[in-house]
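Asker: Pasting a structure here, questions to come.
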Amino acid sequence: MRQTAFAIIQAAAVAAGLPESAVMHTPEKDGPTLPKRRAEISYLPEQYRRTGRPVRKRPSVGKEDTHRTLRREIYTVRLPVRVAVRSDDETWLRDFATAFRTALPKRTTDDRGNPVSVTVEKAEYGGFTGKVVEVFKKRSKTFHVSVTGMTTRDTEIPLVRDADITPKYREANNGQEEG
């Protein structure tokens with residue numbers, strides 16, 4: 001789930017105008033070697049909810065119409081992600097934040113073809129203080145993004161190809177009574 005979340009956020013940041021090398025996991029320390037404009041990604045604990053609902057039925061691949069594949073959702077997985085966008089320019093940060101939010105997809109798929117939804121829940125500003133003199137400007141906007149996917153299991157179900165119907169009924173006695 002983390003690789004999917006990183007790929008989604010990286011693609012949105014690149015579409016908003018940030019170089020691909022400036023999208024990174026949160027570094028241990030802030031230093032002069034890091035880009036001035038960057039997006040730092042950190043993950044919060046995943047949350048699981050057991051569901052068990054059926055997701056999709058389709059013909060099995062490689063079997064001649066004798067089986068059907070049933071994909072069943074086992075867990076709904078929610079991964080909260082913090083994306084801290086850092087810059088020294090307030091106007092660039094404001095424009096990038098708008099472009100980043102619009103570049104995030106509402107829905108996409110993971111590597112197994114399962115749907116993944118992406119939602120920006122809130123944003124926090126940092127470094128906007130009322131100091132008269134600032135030597136090093138450090139502005140940031142931290143997005144709290146929720147990436148929700150699922151864990152699934154595929155089951156092969158054999159199809160009924162032939163059926164013999166033998167009715168069980170009682171024959172009528174043509175109006176004659178027994179006994």
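Identifiers in the structure tokens: chain A, B, ... in order shown; residue index from 1 per chain; ligand index from 1 in order shown.
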Quick one: everything within 9 Å of segment 91-93 of chain A, counting only C-alpha atoms, minus sequence neighbours fewer than 6 positions away in the same chain. Send it as number ranges by chain.
Answerer: A: 37, 85, 139-141
Asker: With C-alpha atoms retained, export the selected residues as a PDB file, in the first residue's frame.
Answerer:
```pdb
ATOM      1  CA  ARG A  37      11.316  23.204  -2.759  1.00  0.00           C
ATOM      2  CA  VAL A  85       5.510  20.602   1.022  1.00  0.00           C
ATOM      3  CA  ARG A 139       7.440  27.795   4.885  1.00  0.00           C
ATOM      4  CA  SER A 140       5.462  24.571   4.672  1.00  0.00           C
ATOM      5  CA  LYS A 141       2.021  23.241   4.020  1.00  0.00           C
TER       6      LYS A 141
END
```
Asker: Using only C-alpha atoms, find each residue of segment 71-107 of chain A with at least one atom at most 9 Å away from an atom of segment 38-56 of chain A; report its shortest atom-to-atom pair and that distance in Å (one decimal), sort the rows by chain and rising residue number, and return the result as CSV.
Answerer:
```
residue,atom,partner,partner_atom,distance
A:Arg71,CA,A:Arg56,CA,5.2
A:Arg72,CA,A:Pro54,CA,4.2
A:Glu73,CA,A:Gly52,CA,5.2
A:Ile74,CA,A:Gly52,CA,4.6
A:Tyr75,CA,A:Arg50,CA,4.5
A:Thr76,CA,A:Arg49,CA,5.2
A:Val77,CA,A:Tyr48,CA,4.8
A:Arg78,CA,A:Gln47,CA,5.1
A:Leu79,CA,A:Glu46,CA,4.6
A:Pro80,CA,A:Leu44,CA,5.4
A:Val81,CA,A:Tyr43,CA,4.6
A:Arg82,CA,A:Ser42,CA,5.2
A:Val83,CA,A:Ile41,CA,4.7
A:Ala84,CA,A:Glu40,CA,5.0
A:Val85,CA,A:Ala39,CA,4.3
A:Arg86,CA,A:Arg38,CA,5.4
A:Ser87,CA,A:Arg38,CA,6.8
```
Asker: Residues as selected, N, CA and C atoms, written as a PDB file, in the first residue's frame, can you do that?
Answerer:
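Writing done, so here's selection_3.pdb:
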```
ATOM      1  N   ARG A  71     -13.621 -12.527  -6.921  1.00  0.00           N
ATOM      2  CA  ARG A  71     -12.708 -11.736  -6.095  1.00  0.00           C
ATOM      3  C   ARG A  71     -13.497 -11.204  -4.910  1.00  0.00           C
ATOM      4  N   ARG A  72     -13.011 -11.526  -3.720  1.00  0.00           N
ATOM      5  CA  ARG A  72     -13.683 -11.127  -2.495  1.00  0.00           C
ATOM      6  C   ARG A  72     -12.754 -10.220  -1.683  1.00  0.00           C
ATOM      7  N   GLU A  73     -13.295  -9.112  -1.207  1.00  0.00           N
ATOM      8  CA  GLU A  73     -12.525  -8.200  -0.359  1.00  0.00           C
ATOM      9  C   GLU A  73     -12.448  -8.789   1.043  1.00  0.00           C
ATOM     10  N   ILE A  74     -11.242  -8.929   1.551  1.00  0.00           N
ATOM     11  CA  ILE A  74     -11.055  -9.458   2.898  1.00  0.00           C
ATOM     12  C   ILE A  74     -10.973  -8.299   3.898  1.00  0.00           C
ATOM     13  N   TYR A  75     -10.154  -7.306   3.593  1.00  0.00           N
ATOM     14  CA  TYR A  75      -9.990  -6.136   4.463  1.00  0.00           C
ATOM     15  C   TYR A  75     -10.061  -4.863   3.646  1.00  0.00           C
ATOM     16  N   THR A  76     -10.616  -3.824   4.231  1.00  0.00           N
ATOM     17  CA  THR A  76     -10.466  -2.478   3.714  1.00  0.00           C
ATOM     18  C   THR A  76      -9.261  -1.877   4.435  1.00  0.00           C
ATOM     19  N   VAL A  77      -8.320  -1.329   3.672  1.00  0.00           N
ATOM     20  CA  VAL A  77      -7.085  -0.803   4.241  1.00  0.00           C
ATOM     21  C   VAL A  77      -7.065   0.706   4.037  1.00  0.00           C
ATOM     22  N   ARG A  78      -6.876   1.442   5.118  1.00  0.00           N
ATOM     23  CA  ARG A  78      -6.777   2.907   5.050  1.00  0.00           C
ATOM     24  C   ARG A  78      -5.392   3.302   5.529  1.00  0.00           C
ATOM     25  N   LEU A  79      -4.654   4.002   4.673  1.00  0.00           N
ATOM     26  CA  LEU A  79      -3.298   4.450   4.996  1.00  0.00           C
ATOM     27  C   LEU A  79      -3.281   5.974   5.052  1.00  0.00           C
ATOM     28  N   PRO A  80      -3.179   6.568   6.245  1.00  0.00           N
ATOM     29  CA  PRO A  80      -3.024   8.015   6.329  1.00  0.00           C
ATOM     30  C   PRO A  80      -1.577   8.416   5.996  1.00  0.00           C
ATOM     31  N   VAL A  81      -1.429   9.400   5.137  1.00  0.00           N
ATOM     32  CA  VAL A  81      -0.115   9.851   4.689  1.00  0.00           C
ATOM     33  C   VAL A  81      -0.012  11.352   4.934  1.00  0.00           C
ATOM     34  N   ARG A  82       1.145  11.783   5.454  1.00  0.00           N
ATOM     35  CA  ARG A  82       1.413  13.216   5.617  1.00  0.00           C
ATOM     36  C   ARG A  82       2.363  13.637   4.508  1.00  0.00           C
ATOM     37  N   VAL A  83       1.965  14.660   3.749  1.00  0.00           N
ATOM     38  CA  VAL A  83       2.795  15.192   2.680  1.00  0.00           C
ATOM     39  C   VAL A  83       3.133  16.628   3.058  1.00  0.00           C
ATOM     40  N   ALA A  84       4.370  16.854   3.477  1.00  0.00           N
ATOM     41  CA  ALA A  84       4.825  18.188   3.866  1.00  0.00           C
ATOM     42  C   ALA A  84       5.526  18.829   2.677  1.00  0.00           C
ATOM     43  N   VAL A  85       4.921  19.864   2.139  1.00  0.00           N
ATOM     44  CA  VAL A  85       5.510  20.602   1.022  1.00  0.00           C
ATOM     45  C   VAL A  85       6.275  21.776   1.619  1.00  0.00           C
ATOM     46  N   ARG A  86       7.583  21.835   1.365  1.00  0.00           N
ATOM     47  CA  ARG A  86       8.446  22.865   1.958  1.00  0.00           C
ATOM     48  C   ARG A  86       8.984  23.782   0.864  1.00  0.00           C
ATOM     49  N   SER A  87       9.051  25.059   1.199  1.00  0.00           N
ATOM     50  CA  SER A  87       9.567  26.052   0.250  1.00  0.00           C
ATOM     51  C   SER A  87       9.963  27.306   1.015  1.00  0.00           C
TER      52      SER A  87
END
```
Asker: From a DSSP calculation on the backbone, collect every residue of chain A in helix (DSSP H, G or I) and output the set as a VMD selection string.
Answerer: chain A and resid 2 to 15 20 to 22 90 to 103
Asker: In Å to one decimal, how far is atom CA of Ile9 of chain A from atom CA of Val145 of chain A?
Answerer: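 Computed distance, atom CA of Val145 of chain A to atom CA of Ile9 of chain A, equals 9.2 Å.
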